[in-house]
>>> print(open('run_5.txt').read())   # compact mmCIF, N, CA and C atoms
# COMPACT_ATOMS: atom_id res chain seq x y z
N GLY A 1 9.34 139.10 -50.66
CA GLY A 1 9.31 140.50 -50.31
C GLY A 1 7.90 140.95 -49.99
N VAL A 2 7.80 141.97 -49.21
CA VAL A 2 6.52 142.55 -48.82
C VAL A 2 6.58 144.06 -49.00
N GLY A 3 5.41 144.68 -49.05
CA GLY A 3 5.34 146.11 -49.31
C GLY A 3 5.11 146.98 -48.09
N HIS A 4 4.87 146.38 -46.92
CA HIS A 4 4.56 147.17 -45.72
C HIS A 4 5.28 146.54 -44.52
N PRO A 5 5.78 147.37 -43.60
CA PRO A 5 6.51 146.84 -42.45
C PRO A 5 5.68 145.89 -41.58
N ASP A 6 4.38 146.12 -41.47
CA ASP A 6 3.54 145.20 -40.68
C ASP A 6 3.55 143.80 -41.31
N ASP A 7 3.51 143.75 -42.64
CA ASP A 7 3.57 142.46 -43.33
C ASP A 7 4.94 141.80 -43.11
N ALA A 8 5.99 142.61 -43.09
CA ALA A 8 7.33 142.08 -42.86
C ALA A 8 7.43 141.49 -41.45
N LEU A 9 6.91 142.20 -40.45
CA LEU A 9 6.96 141.69 -39.08
C LEU A 9 6.17 140.39 -38.95
N ALA A 10 5.02 140.31 -39.61
CA ALA A 10 4.22 139.08 -39.56
C ALA A 10 4.98 137.93 -40.20
N ARG A 11 5.60 138.19 -41.33
CA ARG A 11 6.35 137.14 -42.02
C ARG A 11 7.58 136.72 -41.20
N LEU A 12 8.25 137.69 -40.59
CA LEU A 12 9.41 137.37 -39.75
C LEU A 12 9.00 136.54 -38.54
N ALA A 13 7.84 136.82 -37.98
CA ALA A 13 7.35 136.07 -36.82
C ALA A 13 6.95 134.65 -37.19
N ALA A 14 6.56 134.44 -38.44
CA ALA A 14 6.06 133.14 -38.88
C ALA A 14 7.15 132.19 -39.35
N GLY A 15 8.35 132.68 -39.52
CA GLY A 15 9.41 131.82 -40.04
C GLY A 15 10.77 132.24 -39.54
N ARG A 16 11.79 131.55 -40.02
CA ARG A 16 13.16 131.86 -39.64
C ARG A 16 13.87 132.49 -40.84
N TYR A 17 14.42 133.66 -40.61
CA TYR A 17 15.14 134.39 -41.66
C TYR A 17 16.51 134.78 -41.12
N ASP A 18 17.49 134.76 -41.99
CA ASP A 18 18.86 135.12 -41.61
C ASP A 18 19.18 136.58 -41.89
N VAL A 19 18.54 137.15 -42.91
CA VAL A 19 18.85 138.51 -43.36
C VAL A 19 17.57 139.30 -43.55
N LEU A 20 17.59 140.55 -43.07
CA LEU A 20 16.53 141.51 -43.36
C LEU A 20 17.13 142.56 -44.27
N PHE A 21 16.55 142.71 -45.45
CA PHE A 21 16.97 143.74 -46.39
C PHE A 21 15.81 144.72 -46.49
N THR A 22 16.01 145.94 -46.03
CA THR A 22 14.92 146.91 -45.96
C THR A 22 15.39 148.30 -46.34
N ASP A 23 14.46 149.05 -46.87
CA ASP A 23 14.70 150.47 -47.10
C ASP A 23 14.65 151.17 -45.75
N VAL A 24 15.33 152.28 -45.62
CA VAL A 24 15.28 153.06 -44.39
C VAL A 24 13.91 153.73 -44.26
N SER A 25 13.38 154.23 -45.36
CA SER A 25 12.09 154.92 -45.35
C SER A 25 10.99 153.97 -45.81
N LEU A 26 10.04 153.72 -44.90
CA LEU A 26 8.92 152.84 -45.20
C LEU A 26 7.62 153.52 -44.80
N PRO A 27 6.49 153.09 -45.34
CA PRO A 27 5.22 153.67 -44.94
C PRO A 27 4.79 153.18 -43.55
N GLY A 28 4.52 154.10 -42.64
CA GLY A 28 3.99 153.73 -41.34
C GLY A 28 5.02 153.42 -40.28
N MET A 29 6.24 153.08 -40.65
CA MET A 29 7.30 152.73 -39.70
C MET A 29 8.62 152.84 -40.43
N SER A 30 9.62 153.33 -39.75
CA SER A 30 10.93 153.42 -40.42
C SER A 30 11.53 152.02 -40.55
N GLY A 31 12.39 151.86 -41.54
CA GLY A 31 13.10 150.61 -41.70
C GLY A 31 14.01 150.34 -40.51
N VAL A 32 14.48 151.40 -39.86
CA VAL A 32 15.32 151.25 -38.67
C VAL A 32 14.49 150.61 -37.55
N GLU A 33 13.27 151.09 -37.33
CA GLU A 33 12.40 150.51 -36.30
C GLU A 33 12.03 149.07 -36.65
N LEU A 34 11.75 148.82 -37.91
CA LEU A 34 11.48 147.45 -38.35
C LEU A 34 12.66 146.54 -38.01
N ALA A 35 13.85 147.00 -38.32
CA ALA A 35 15.06 146.20 -38.04
C ALA A 35 15.26 146.02 -36.54
N ARG A 36 15.01 147.07 -35.75
CA ARG A 36 15.14 146.94 -34.29
C ARG A 36 14.23 145.82 -33.77
N GLN A 37 13.00 145.82 -34.22
CA GLN A 37 12.06 144.79 -33.76
C GLN A 37 12.50 143.41 -34.25
N ALA A 38 12.95 143.33 -35.48
CA ALA A 38 13.38 142.05 -36.03
C ALA A 38 14.59 141.50 -35.26
N VAL A 39 15.56 142.36 -34.97
CA VAL A 39 16.77 141.94 -34.26
C VAL A 39 16.45 141.61 -32.80
N ALA A 40 15.50 142.32 -32.21
CA ALA A 40 15.09 142.01 -30.83
C ALA A 40 14.50 140.60 -30.75
N ASN A 41 13.78 140.20 -31.77
CA ASN A 41 13.17 138.86 -31.80
C ASN A 41 14.12 137.78 -32.31
N ALA A 42 15.12 138.17 -33.07
CA ALA A 42 16.09 137.21 -33.63
C ALA A 42 17.46 137.87 -33.63
N PRO A 43 18.16 137.85 -32.49
CA PRO A 43 19.42 138.59 -32.35
C PRO A 43 20.50 138.25 -33.37
N ALA A 44 20.45 137.07 -33.95
CA ALA A 44 21.48 136.70 -34.94
C ALA A 44 21.16 137.22 -36.34
N MET A 45 20.01 137.86 -36.52
CA MET A 45 19.61 138.34 -37.84
C MET A 45 20.58 139.41 -38.32
N ARG A 46 20.96 139.32 -39.58
CA ARG A 46 21.80 140.32 -40.23
C ARG A 46 20.89 141.33 -40.91
N VAL A 47 21.33 142.59 -40.96
CA VAL A 47 20.50 143.66 -41.52
C VAL A 47 21.27 144.41 -42.59
N ILE A 48 20.60 144.61 -43.71
CA ILE A 48 21.12 145.46 -44.79
C ILE A 48 20.06 146.53 -45.05
N PHE A 49 20.47 147.79 -44.97
CA PHE A 49 19.58 148.91 -45.25
C PHE A 49 19.89 149.46 -46.64
N ALA A 50 18.85 149.90 -47.32
CA ALA A 50 19.00 150.68 -48.55
C ALA A 50 18.49 152.08 -48.23
N SER A 51 19.22 153.09 -48.69
CA SER A 51 18.81 154.46 -48.38
C SER A 51 19.17 155.38 -49.52
N GLY A 52 18.26 156.26 -49.81
CA GLY A 52 18.51 157.30 -50.80
C GLY A 52 18.89 158.61 -50.15
N SER A 53 18.89 158.64 -48.82
CA SER A 53 19.15 159.89 -48.11
C SER A 53 20.42 159.85 -47.28
N GLY A 54 21.34 158.97 -47.60
CA GLY A 54 22.57 158.87 -46.83
C GLY A 54 22.35 158.10 -45.55
N ASP A 55 23.35 158.14 -44.69
CA ASP A 55 23.30 157.36 -43.45
C ASP A 55 22.86 158.16 -42.24
N THR A 56 22.28 159.34 -42.44
CA THR A 56 21.86 160.19 -41.33
C THR A 56 20.92 159.46 -40.39
N LEU A 57 19.96 158.74 -40.92
CA LEU A 57 18.98 158.05 -40.08
C LEU A 57 19.57 156.82 -39.39
N LEU A 58 20.77 156.43 -39.77
CA LEU A 58 21.38 155.23 -39.21
C LEU A 58 22.40 155.53 -38.12
N ARG A 59 22.53 156.79 -37.74
CA ARG A 59 23.56 157.18 -36.78
C ARG A 59 23.38 156.52 -35.41
N HIS A 60 22.17 156.26 -34.99
CA HIS A 60 21.93 155.74 -33.65
C HIS A 60 21.48 154.29 -33.65
N VAL A 61 21.85 153.56 -34.66
CA VAL A 61 21.52 152.14 -34.73
C VAL A 61 22.50 151.39 -33.83
N GLU A 62 21.94 150.58 -32.94
CA GLU A 62 22.75 149.92 -31.92
C GLU A 62 23.09 148.46 -32.23
N PHE A 63 22.91 148.05 -33.46
CA PHE A 63 23.24 146.68 -33.86
C PHE A 63 24.02 146.75 -35.17
N PRO A 64 24.78 145.71 -35.48
CA PRO A 64 25.56 145.71 -36.72
C PRO A 64 24.66 145.70 -37.96
N TYR A 65 25.06 146.41 -38.98
CA TYR A 65 24.31 146.47 -40.23
C TYR A 65 25.24 146.88 -41.35
N LEU A 66 24.78 146.66 -42.56
CA LEU A 66 25.42 147.21 -43.76
C LEU A 66 24.42 148.14 -44.40
N SER A 67 24.90 149.10 -45.16
CA SER A 67 23.97 149.98 -45.88
C SER A 67 24.42 150.15 -47.32
N LEU A 68 23.43 150.26 -48.17
CA LEU A 68 23.65 150.51 -49.60
C LEU A 68 23.02 151.85 -49.94
N GLN A 69 23.76 152.68 -50.62
CA GLN A 69 23.24 153.97 -51.08
C GLN A 69 22.49 153.77 -52.38
N LYS A 70 21.24 154.23 -52.44
CA LYS A 70 20.48 154.12 -53.67
C LYS A 70 20.88 155.24 -54.62
N PRO A 71 20.90 155.01 -55.88
CA PRO A 71 20.66 153.72 -56.51
C PRO A 71 21.90 152.84 -56.40
N TYR A 72 21.69 151.57 -56.24
CA TYR A 72 22.79 150.62 -56.13
C TYR A 72 22.67 149.61 -57.26
N GLU A 73 23.77 148.98 -57.56
CA GLU A 73 23.82 147.97 -58.62
C GLU A 73 23.60 146.58 -58.01
N LEU A 74 23.18 145.65 -58.81
CA LEU A 74 22.95 144.29 -58.36
C LEU A 74 24.21 143.67 -57.76
N ASP A 75 25.37 143.99 -58.34
CA ASP A 75 26.60 143.43 -57.78
C ASP A 75 26.91 144.00 -56.40
N GLN A 76 26.50 145.24 -56.12
CA GLN A 76 26.69 145.81 -54.79
C GLN A 76 25.81 145.08 -53.77
N LEU A 77 24.59 144.76 -54.16
CA LEU A 77 23.72 144.00 -53.29
C LEU A 77 24.31 142.62 -53.05
N GLN A 78 24.83 141.98 -54.07
CA GLN A 78 25.44 140.66 -53.92
C GLN A 78 26.64 140.72 -52.98
N GLN A 79 27.45 141.76 -53.09
CA GLN A 79 28.60 141.92 -52.20
C GLN A 79 28.14 142.06 -50.75
N ALA A 80 27.08 142.84 -50.52
CA ALA A 80 26.55 143.01 -49.16
C ALA A 80 26.03 141.68 -48.62
N LEU A 81 25.33 140.93 -49.45
CA LEU A 81 24.84 139.61 -49.02
C LEU A 81 26.00 138.67 -48.72
N ASP A 82 27.04 138.72 -49.53
CA ASP A 82 28.23 137.89 -49.28
C ASP A 82 28.87 138.27 -47.94
N LYS A 83 28.93 139.57 -47.63
CA LYS A 83 29.54 140.02 -46.38
C LYS A 83 28.75 139.53 -45.17
N VAL A 84 27.43 139.59 -45.24
CA VAL A 84 26.65 139.15 -44.07
C VAL A 84 26.62 137.63 -43.98
N ALA A 85 26.78 136.95 -45.09
CA ALA A 85 26.80 135.49 -45.07
C ALA A 85 28.13 134.95 -44.57
N HIS A 86 29.20 135.69 -44.82
CA HIS A 86 30.54 135.25 -44.45
C HIS A 86 31.27 136.40 -43.76
N PRO A 87 30.83 136.76 -42.54
CA PRO A 87 31.49 137.89 -41.86
C PRO A 87 32.94 137.59 -41.55
N LEU A 88 33.74 138.63 -41.52
CA LEU A 88 35.15 138.47 -41.18
C LEU A 88 35.25 138.11 -39.71
N PRO A 89 36.22 137.27 -39.34
CA PRO A 89 36.38 136.93 -37.92
C PRO A 89 36.80 138.17 -37.11
N ALA A 90 36.38 138.20 -35.86
CA ALA A 90 36.74 139.33 -34.99
C ALA A 90 38.24 139.30 -34.73
N ARG A 91 38.82 140.47 -34.68
CA ARG A 91 40.26 140.56 -34.40
C ARG A 91 40.48 140.55 -32.89
N THR A 92 41.54 139.89 -32.49
CA THR A 92 41.86 139.83 -31.06
C THR A 92 43.13 140.56 -30.75
>>> encode(input="run_5.txt", output="structure tokens")
Amino acid sequence: GVGHPDDALARLAAGRYDVLFTDVSLPGMSGVELARQAVANAPAMRVIFASGSGDTLLRHVEFPYLSLQKPYELDQLQQALDKVAHPLPART
């Protein structure tokens, strides 16, 4: 984990990650913008947002994501990780 979005972008650029777990509100850049940049560079990346202010800031997100309302329990985080690791097949 890192404490600043610039550090997250540097770490994401230096390695391969499957999931980005970020708060919506970050210092210097929103978690939504961080996720946009991460997904632009790695389209298969899964995103989980944590938010204490509801999903208002997530209304215009153009990629799939899950969100957890703070405060959340460890089992809720585990469920979100399970969902992004094993997504349901698309219905036809």
>>> residues_near_point(input="run_5.txt", point="(14.3, 143.0, -46.9)", cutoff="8 Å", atoms="all atoms listed in the file", output="PyMOL selection string")
chain A and resi 1-2+19-23+48
>>> residues_around(input="run_5.txt", residues="segment 58-72 of chain A", least_positions_apart="5", cutoff="10 Å", atoms="only C-alpha atoms", output="count of residues only")
27
>>> residues_around(input="run_5.txt", residues="Met29 of chain A", least_positions_apart="4", cutoff="8 Å", atoms="all atoms listed in the file", output="list of chain:residue names")
A:His4, A:Pro5, A:Asp6, A:Val24, A:Ser25, A:Glu33, A:Leu34
>>> select_by_dssp(input="run_5.txt", residues="segment 23-67 of chain A", states="strand (DSSP E)", output="list in words")
Asp23, Arg46, Val47, Ile48, Phe49, Ala50, Ser51, Leu66 and Ser67 of chain A
>>> atom_distance(input="run_5.txt", atom1="atom C of Tyr17 of chain A", atom2="atom CA of Ala42 of chain A")
7.9 Å
>>> atom_distance(input="run_5.txt", atom1="atom CA of Gln79 of chain A", atom2="atom CA of Ala38 of chain A")
22.2 Å
>>> atom_distance(input="run_5.txt", atom1="atom CA of Ala85 of chain A", atom2="atom CA of Ala44 of chain A")
11.5 Å
>>> select_by_dssp(input="run_5.txt", residues="chain A", states="alpha helix (DSSP H)", output="PyMOL selection string")
chain A and resi 5-14+31-41+74-85
>>> closest_residue(input="run_5.txt", among="A:Ser30, A:Gln37, A:Gln78, A:Glu73", to="Leu9 of chain A", atoms="all atoms listed in the file")
A:Gln37
>>> decode(input="run_5.txt", residues="segment 34-45 of chain A", atoms="all heavy atoms", output="mmCIF file, in the first residue's frame")
data_model
loop_
_atom_site.group_PDB
_atom_site.id
_atom_site.type_symbol
_atom_site.label_atom_id
_atom_site.label_comp_id
_atom_site.auth_asym_id
_atom_site.auth_seq_id
_atom_site.Cartn_x
_atom_site.Cartn_y
_atom_site.Cartn_z
ATOM 1 N N LEU A 34 -7.269 8.424 -10.252
ATOM 2 C CA LEU A 34 -6.226 7.407 -10.117
ATOM 3 C C LEU A 34 -6.653 6.122 -10.829
ATOM 4 O O LEU A 34 -5.891 5.544 -11.612
ATOM 5 C CB LEU A 34 -5.942 7.124 -8.641
ATOM 6 C CG LEU A 34 -5.058 5.914 -8.332
ATOM 7 C CD1 LEU A 34 -3.659 6.104 -8.898
ATOM 8 C CD2 LEU A 34 -5.012 5.666 -6.835
ATOM 9 N N ALA A 35 -7.876 5.702 -10.587
ATOM 10 C CA ALA A 35 -8.383 4.471 -11.211
ATOM 11 C C ALA A 35 -8.484 4.629 -12.728
ATOM 12 O O ALA A 35 -8.165 3.701 -13.470
ATOM 13 C CB ALA A 35 -9.733 4.097 -10.610
ATOM 14 N N ARG A 36 -8.930 5.802 -13.195
ATOM 15 C CA ARG A 36 -9.001 6.031 -14.644
ATOM 16 C C ARG A 36 -7.628 5.836 -15.294
ATOM 17 O O ARG A 36 -7.507 5.189 -16.327
ATOM 18 C CB ARG A 36 -9.499 7.436 -14.933
ATOM 19 C CG ARG A 36 -10.972 7.585 -14.904
ATOM 20 C CD ARG A 36 -11.432 8.923 -15.491
ATOM 21 N NE ARG A 36 -12.865 8.994 -15.383
ATOM 22 C CZ ARG A 36 -13.515 9.761 -14.514
ATOM 23 N NH1 ARG A 36 -12.864 10.568 -13.710
ATOM 24 N NH2 ARG A 36 -14.822 9.745 -14.466
ATOM 25 N N GLN A 37 -6.619 6.416 -14.690
ATOM 26 C CA GLN A 37 -5.270 6.285 -15.243
ATOM 27 C C GLN A 37 -4.788 4.836 -15.174
ATOM 28 O O GLN A 37 -4.176 4.332 -16.114
ATOM 29 C CB GLN A 37 -4.306 7.210 -14.510
ATOM 30 C CG GLN A 37 -4.563 8.666 -14.815
ATOM 31 C CD GLN A 37 -3.538 9.586 -14.183
ATOM 32 O OE1 GLN A 37 -2.359 9.267 -14.127
ATOM 33 N NE2 GLN A 37 -3.995 10.741 -13.713
ATOM 34 N N ALA A 38 -5.071 4.175 -14.072
ATOM 35 C CA ALA A 38 -4.644 2.788 -13.912
ATOM 36 C C ALA A 38 -5.318 1.887 -14.947
ATOM 37 O O ALA A 38 -4.665 1.060 -15.580
ATOM 38 C CB ALA A 38 -4.962 2.304 -12.496
ATOM 39 N N VAL A 39 -6.620 2.066 -15.149
ATOM 40 C CA VAL A 39 -7.365 1.246 -16.104
ATOM 41 C C VAL A 39 -6.955 1.580 -17.541
ATOM 42 O O VAL A 39 -6.898 0.702 -18.398
ATOM 43 C CB VAL A 39 -8.885 1.401 -15.887
ATOM 44 C CG1 VAL A 39 -9.690 0.774 -17.010
ATOM 45 C CG2 VAL A 39 -9.289 0.800 -14.539
ATOM 46 N N ALA A 40 -6.629 2.839 -17.808
ATOM 47 C CA ALA A 40 -6.158 3.216 -19.146
ATOM 48 C C ALA A 40 -4.860 2.488 -19.487
ATOM 49 O O ALA A 40 -4.639 2.090 -20.629
ATOM 50 C CB ALA A 40 -5.966 4.725 -19.232
ATOM 51 N N ASN A 41 -4.007 2.308 -18.496
ATOM 52 C CA ASN A 41 -2.724 1.623 -18.704
ATOM 53 C C ASN A 41 -2.833 0.107 -18.609
ATOM 54 O O ASN A 41 -1.972 -0.599 -19.131
ATOM 55 C CB ASN A 41 -1.690 2.132 -17.702
ATOM 56 C CG ASN A 41 -1.332 3.581 -17.951
ATOM 57 O OD1 ASN A 41 -1.333 4.045 -19.083
ATOM 58 N ND2 ASN A 41 -1.040 4.305 -16.887
ATOM 59 N N ALA A 42 -3.846 -0.383 -17.926
ATOM 60 C CA ALA A 42 -4.043 -1.831 -17.751
ATOM 61 C C ALA A 42 -5.540 -2.112 -17.783
ATOM 62 O O ALA A 42 -6.188 -2.210 -16.737
ATOM 63 C CB ALA A 42 -3.430 -2.294 -16.437
ATOM 64 N N PRO A 43 -6.130 -2.215 -18.982
ATOM 65 C CA PRO A 43 -7.590 -2.332 -19.110
ATOM 66 C C PRO A 43 -8.224 -3.493 -18.361
ATOM 67 O O PRO A 43 -9.406 -3.438 -18.027
ATOM 68 C CB PRO A 43 -7.803 -2.472 -20.620
ATOM 69 C CG PRO A 43 -6.593 -1.835 -21.234
ATOM 70 C CD PRO A 43 -5.464 -2.118 -20.278
ATOM 71 N N ALA A 44 -7.474 -4.536 -18.077
ATOM 72 C CA ALA A 44 -8.048 -5.680 -17.360
ATOM 73 C C ALA A 44 -8.056 -5.485 -15.845
ATOM 74 O O ALA A 44 -8.593 -6.318 -15.125
ATOM 75 C CB ALA A 44 -7.271 -6.951 -17.702
ATOM 76 N N MET A 45 -7.494 -4.382 -15.363
ATOM 77 C CA MET A 45 -7.422 -4.148 -13.923
ATOM 78 C C MET A 45 -8.820 -4.010 -13.336
ATOM 79 O O MET A 45 -9.684 -3.344 -13.897
ATOM 80 C CB MET A 45 -6.616 -2.890 -13.606
ATOM 81 C CG MET A 45 -6.510 -2.652 -12.103
ATOM 82 S SD MET A 45 -5.326 -1.403 -11.669
ATOM 83 C CE MET A 45 -3.837 -2.134 -12.259
#
